[in-house]
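Worksheet for the structure shown next.
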Amino acid sequence: MSDGEQTEAAAAPRPKGRLTNGSIAGHLTRMAIPMSWGLFAIIGINLVDTFFVAQLGTRELAAISFTFPVVFFMISLAIGLGIGASSVIARAIGSGDRERVRRLTTAALSLSLVIVAGISVIGLLTIEPLFRALGAEPDLIPRIAEYMSIWYLGMVFLVVPMVGNSCLRAAGDSFWPSMAMTIVSLINLVLDPILIFGLFGVPRLELEGAAIATVIARAVGLAISLWLLHHRERMILWALPPPRQLFADWAAILHVGLPAALSNVIVPVGLGAVTAIVASYGEAAVAAFGVVTRIEAICLVPIFALSAVIGPVVGQNWGSGLTERACEARRLVMQFSLAYGLFVSAVLILGGRYLVPLFNDDPQVVETGVLYFWIVPLCYAGYAVVMMSAAVFNALGRPWPASALTVTRALGLYVPLSFLGSALFGMVGIFGGIFLANVLTGFAALIAGRRLMSGPTAAPATKPSG
């Protein structure tokens with residue numbers, strides 16, 4: 001480390017266990033509210049893209065719907081790496097090890113950069129075979145390639161800031177990461193119609209325009225995230241440690257991050273498999289599935305937000321030896337998950353027929369979308385419980401129970417039950433399979449979480465290793 005960096009590190013304030021004192025419910029609310037609007041903004045990028053692309057026609061909507069599992073795959077990978085970083089950083093903050101906090105943050109950013117570079121190259125080389133495997137017709141491949149070739153090149157602007165924002169949340173700050181996500185979404189909202197439809201003298205780029213708008217907006221997000229990490233929280237070292245130390249820090253992050261990333265990417269793999277099953281019913285069915293999954297994502301934002309902030313709350317208290325506070329946090333988020341899941345179910349069952357036509361008024365698209373909302377929302381409470389349980393397990397540094405839940409849901413139940421349901425009952429059977437997968441896994445998650453946090457292995461580590 002240079003003399004200037006040593007001076008900066010010495011001047012940087014010691015981390016405070018911001019979440020180890022005061023009301024647990026208050027901390028969760030304070031962090032979840034800005035996280036919710038940030039997620040509304042960032043998920044809104046996909047929703048805005050879907051809305052404007054839908055104006056181009058059903059075929060273009062079907063094309064971008066095929067990209068959603070792949071985009072979701074990369075978002076899930078970034079979330080997994082962020083979970084690993086947040087877990088070790090929150091526990092390091094709880095134990096008061098400031099230098100390790102800075103080192104781990106730097107390691108997390110460098111690791112995400114290395115991983116995304118490799119995946120970008122692979123993605124660019126496999127666009128056609130991948131989307132053929134997902135069920136895309138040959139004449140849709142050129143449209144999909146227009147979008148994904150640009151999207152892959154800009155993927156670094158998606159993954160690295162998402163990991164950086166996870167590091168900020170580990171320190172107890174969810175407001176500024178959420179503001180950054182909001183700015184990104186607003187930029188995308190402005191650029192989308194200009195680049196897609198060719199407004200104000202700009203060439204009409206259609207699907208390419210949607211991808212370019214997203215890349216530009218996320219590049220701004222990367223700049224904001226790095227600024228916050230360096231200037232606000234003093235969490236970055238601008239020189240990498242010796243390779244041995246760097247690899248040790250990568251290993252600490254990947255201990256939680258790798259199984260979390262693998263279990264997270266299994267979700268879009270399962271979604272991709274179900275998309276392929278839906279594709280056998282035609283382009284209108286795929287378009288409808290793309291619309292309802294985006295509406296669903298928006299409605300579940302408070303659940304996504306709470307699952308993102310529960311980790312730092314549990315991690316800091318667990319790292320400080322405050323086991324009862326960690327258990328209280330788990331209890332509160334489970335109660336919220338059940339109540340909110342039931343609320344969203346009622347909203348979508350009653351309002352689905354009005355929401356789907358906002359994106360596409362093709363009668364087949366509307367009919368399929370309404371059918372989905374009559375069946376699937378009833379299982380949202382179970383899905384929310386699974387997400388919360390996995391987040392708590394990862395925060396404790398015990399990623400394998402979280403992975404087991406996710407793998408069981410996606411590959412053990414979600415895909416097989418959807419396939420079986422399709423064979424027996426058509427589209428109704430697919431949606432019924434999704435419902436059963438979430439309900440059954442939700443019950444398993446409740447039981448596993450109670451046993452893990454109250455059993456003999458529930459002793460928190462007083463100081464992270466390394």
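Residues in the structure tokens are named by chain (A, B, ... in the order shown) and by number from 1 within that chain; ligands are numbered from 1 in the order shown.
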
Please tabulate, as a Markdown table, the residues of segment 349-392 of chain A that come within 12 Å of segment 77-93 of chain A, each with its closest pair of atoms and the distance in Å to one decimal, counting only C-alpha atoms and ordering rows by chain, then residue number upward.
| residue | atom | partner | partner_atom | distance |
| --- | --- | --- | --- | --- |
| A:Ala390 | CA | A:Ile83 | CA | 10.3 |
| A:Ala391 | CA | A:Ile83 | CA | 8.0 |
| A:Val392 | CA | A:Ser87 | CA | 9.7 |

Write out, as a PDB file, in the first residue's frame, the residues just selected, with N, CA and C atoms.
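Resulting contents of part08.pdb:
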ATOM      1  N   ALA A 390     -33.151 -18.181   2.788  1.00  0.00           N
ATOM      2  CA  ALA A 390     -31.860 -18.257   2.121  1.00  0.00           C
ATOM      3  C   ALA A 390     -30.982 -17.076   2.486  1.00  0.00           C
ATOM      4  N   ALA A 391     -31.566 -15.866   2.572  1.00  0.00           N
ATOM      5  CA  ALA A 391     -30.794 -14.676   2.925  1.00  0.00           C
ATOM      6  C   ALA A 391     -30.238 -14.782   4.343  1.00  0.00           C
ATOM      7  N   VAL A 392     -31.031 -15.305   5.265  1.00  0.00           N
ATOM      8  CA  VAL A 392     -30.568 -15.458   6.650  1.00  0.00           C
ATOM      9  C   VAL A 392     -29.440 -16.484   6.730  1.00  0.00           C
TER      10      VAL A 392
END

Could you list, with a cut-off of 12 Å and counting only C-alpha atoms, the residues of segment 14-120 of chain A near segment 282-301 of chain A, each shown with its nearest atom pair and the distance in Å rounded to one decimal, rows sorted by chain and ascending number, as a tab-separated table?
residue	atom	partner	partner_atom	distance
A:Ala32	CA	A:Val301	CA	9.9
A:Ile33	CA	A:Val301	CA	10.2
A:Pro34	CA	A:Val301	CA	11.2
A:Met35	CA	A:Val301	CA	8.8
A:Ser36	CA	A:Val301	CA	5.9
A:Trp37	CA	A:Val301	CA	8.3
A:Gly38	CA	A:Val301	CA	9.2
A:Leu39	CA	A:Val301	CA	6.3
A:Phe40	CA	A:Ile298	CA	6.3
A:Ala41	CA	A:Ile298	CA	9.3
A:Ile42	CA	A:Ile298	CA	9.7
A:Ile43	CA	A:Ile298	CA	6.7
A:Gly44	CA	A:Ile298	CA	7.4
A:Ile45	CA	A:Arg294	CA	10.2
A:Asn46	CA	A:Arg294	CA	7.3
A:Leu47	CA	A:Arg294	CA	6.1
A:Val48	CA	A:Arg294	CA	9.9
A:Asp49	CA	A:Arg294	CA	10.5
A:Thr50	CA	A:Val291	CA	7.5
A:Phe51	CA	A:Val291	CA	9.0
A:Val53	CA	A:Ala287	CA	11.3
A:Ala54	CA	A:Ala287	CA	9.1
A:Gly57	CA	A:Ala287	CA	10.3
A:Thr58	CA	A:Ala287	CA	7.0
A:Arg59	CA	A:Glu283	CA	7.3
A:Glu60	CA	A:Ala287	CA	9.1
A:Leu61	CA	A:Ala287	CA	5.9
A:Ala62	CA	A:Ala287	CA	4.7
A:Ala63	CA	A:Ala287	CA	8.3
A:Ile64	CA	A:Gly290	CA	8.1
A:Ser65	CA	A:Gly290	CA	4.8
A:Phe66	CA	A:Val286	CA	7.7
A:Thr67	CA	A:Gly290	CA	9.3
A:Phe68	CA	A:Gly290	CA	7.4
A:Pro69	CA	A:Gly290	CA	9.5
A:Phe72	CA	A:Arg294	CA	10.8

Write out, as a tab-separated table (two decimals), in the first residue's frame, the residues just selected, with C-alpha atoms.
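Okay, this is what ended up in result-v2.tsv:
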chain	number	residue	atom	x	y	z
A	32	ALA	CA	-35.93	-1.74	3.23
A	33	ILE	CA	-37.87	1.37	2.19
A	34	PRO	CA	-35.06	2.99	0.15
A	35	MET	CA	-34.03	-0.46	-1.07
A	36	SER	CA	-37.58	-0.99	-2.32
A	37	TRP	CA	-37.66	2.17	-4.38
A	38	GLY	CA	-34.20	1.36	-5.71
A	39	LEU	CA	-35.34	-2.09	-6.77
A	40	PHE	CA	-38.53	-0.66	-8.25
A	41	ALA	CA	-36.24	1.54	-10.31
A	42	ILE	CA	-33.82	-1.17	-11.39
A	43	ILE	CA	-36.48	-3.78	-12.17
A	44	GLY	CA	-38.31	-0.96	-13.89
A	45	ILE	CA	-35.53	-0.96	-16.49
A	46	ASN	CA	-36.72	-4.36	-17.73
A	47	LEU	CA	-40.35	-3.29	-17.41
A	48	VAL	CA	-39.73	-0.07	-19.37
A	49	ASP	CA	-37.81	-2.00	-22.03
A	50	THR	CA	-40.72	-4.46	-22.25
A	51	PHE	CA	-43.29	-1.66	-22.53
A	53	VAL	CA	-40.48	-2.91	-27.21
A	54	ALA	CA	-44.07	-4.16	-27.03
A	57	GLY	CA	-45.05	-5.73	-32.13
A	58	THR	CA	-45.68	-9.18	-30.66
A	59	ARG	CA	-42.62	-10.72	-32.36
A	60	GLU	CA	-40.29	-8.12	-30.85
A	61	LEU	CA	-41.95	-8.65	-27.47
A	62	ALA	CA	-41.43	-12.41	-27.82
A	63	ALA	CA	-37.78	-11.81	-28.72
A	64	ILE	CA	-37.05	-9.71	-25.63
A	65	SER	CA	-39.05	-12.15	-23.50
A	66	PHE	CA	-36.59	-14.88	-24.51
A	67	THR	CA	-33.73	-12.71	-23.21
A	68	PHE	CA	-35.23	-12.38	-19.74
A	69	PRO	CA	-33.92	-15.70	-18.34
A	72	PHE	CA	-32.02	-12.74	-14.88

Please identify all polymer residues within 10 Å of Ser76 of chain A, counting only C-alpha atoms, omitting same-chain residues fewer than 3 positions from it, and present them as a PDB file with C-alpha atoms, in the first residue's frame.
ATOM      1  CA  VAL A  70     -30.384 -14.800 -19.486  1.00  0.00           C
ATOM      2  CA  VAL A  71     -30.591 -11.269 -18.071  1.00  0.00           C
ATOM      3  CA  PHE A  72     -32.021 -12.739 -14.879  1.00  0.00           C
ATOM      4  CA  PHE A  73     -29.130 -15.232 -14.854  1.00  0.00           C
ATOM      5  CA  ILE A  79     -26.645 -10.946  -6.409  1.00  0.00           C
ATOM      6  CA  GLY A  80     -24.830 -14.124  -5.375  1.00  0.00           C
ATOM      7  CA  LEU A  81     -21.421 -12.442  -5.434  1.00  0.00           C
ATOM      8  CA  GLY A  82     -22.915  -9.518  -3.542  1.00  0.00           C
ATOM      9  CA  VAL A 159     -22.486  -6.765 -12.240  1.00  0.00           C
ATOM     10  CA  ALA A 260     -25.183 -18.280  -3.259  1.00  0.00           C
ATOM     11  CA  ALA A 261     -24.361 -17.418  -6.873  1.00  0.00           C
ATOM     12  CA  LEU A 262     -24.895 -20.997  -8.034  1.00  0.00           C
ATOM     13  CA  SER A 263     -28.209 -21.244  -6.228  1.00  0.00           C
ATOM     14  CA  ASN A 264     -29.250 -17.833  -7.544  1.00  0.00           C
ATOM     15  CA  VAL A 265     -28.412 -18.655 -11.151  1.00  0.00           C
ATOM     16  CA  ILE A 266     -30.374 -21.888 -10.845  1.00  0.00           C
ATOM     17  CA  VAL A 267     -33.500 -19.724 -10.574  1.00  0.00           C
ATOM     18  CA  PRO A 268     -33.176 -18.292 -14.123  1.00  0.00           C
TER      19      PRO A 268
END

Checklist entry - What lies within 7 Å of segment 213-218 of chain A using only C-alpha atoms, ignoring chain neighbours under 2 positions off, as a PyMOL selection string? => result chain A and resi 151+154+157-158+184+187-188+191-192+209-211+220-222

Item to check | Close residues, segment 106-119 of chain A itself excluded, 10 Å, only C-alpha atoms, min 3 positions apart in chain, as number ranges by chain | outcome: A: 74, 77-78, 81-82, 84-86, 89, 100-103, 122-125, 152-164, 166-167, 226, 229, 235-241, 245-254, 257

Item to check | Close residues, segment 430-445 of chain A itself excluded, 7 Å, only C-alpha atoms, min 2 positions apart in chain, as a VMD selection string | outcome: chain A and resid 372 375 to 376 379 382 to 383 385 to 386 389 405 409 413 to 414 417 to 419 421 to 422 426 to 428 447 to 449

Item to check | Straight-line distance linking atom CA of Met31 of chain A with atom CA of Leu378 of chain A, stated in Å to one decimal | outcome: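 Straight-line distance from atom CA of Met31 of chain A to atom CA of Leu378 of chain A works out to 27.3 Å.
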
Checklist entry - With only C-alpha atoms as the atoms that count, which of A:Ala276, A:Ala423, A:Leu207, A:Ala170 lies nearest to Phe131 of chain A? => result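 When distances to Phe131 of chain A are compared using only C-alpha atoms, the smallest one comes from A:Ala276.
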
Item to check | Which of segment 7-144 of chain A fall in helix (DSSP H, G or I), as number ranges by chain | outcome: A: 7-11, 24-54, 58-95, 98-125, 127-133, 138-144

Item to check | Residue among A:Ile224, A:Ala219, A:Val365, A:Leu338 lying closest to Tyr281 of chain A, counting only C-alpha atoms | outcome: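 Of the candidates, the smallest distance to Tyr281 of chain A is held by A:Val365.
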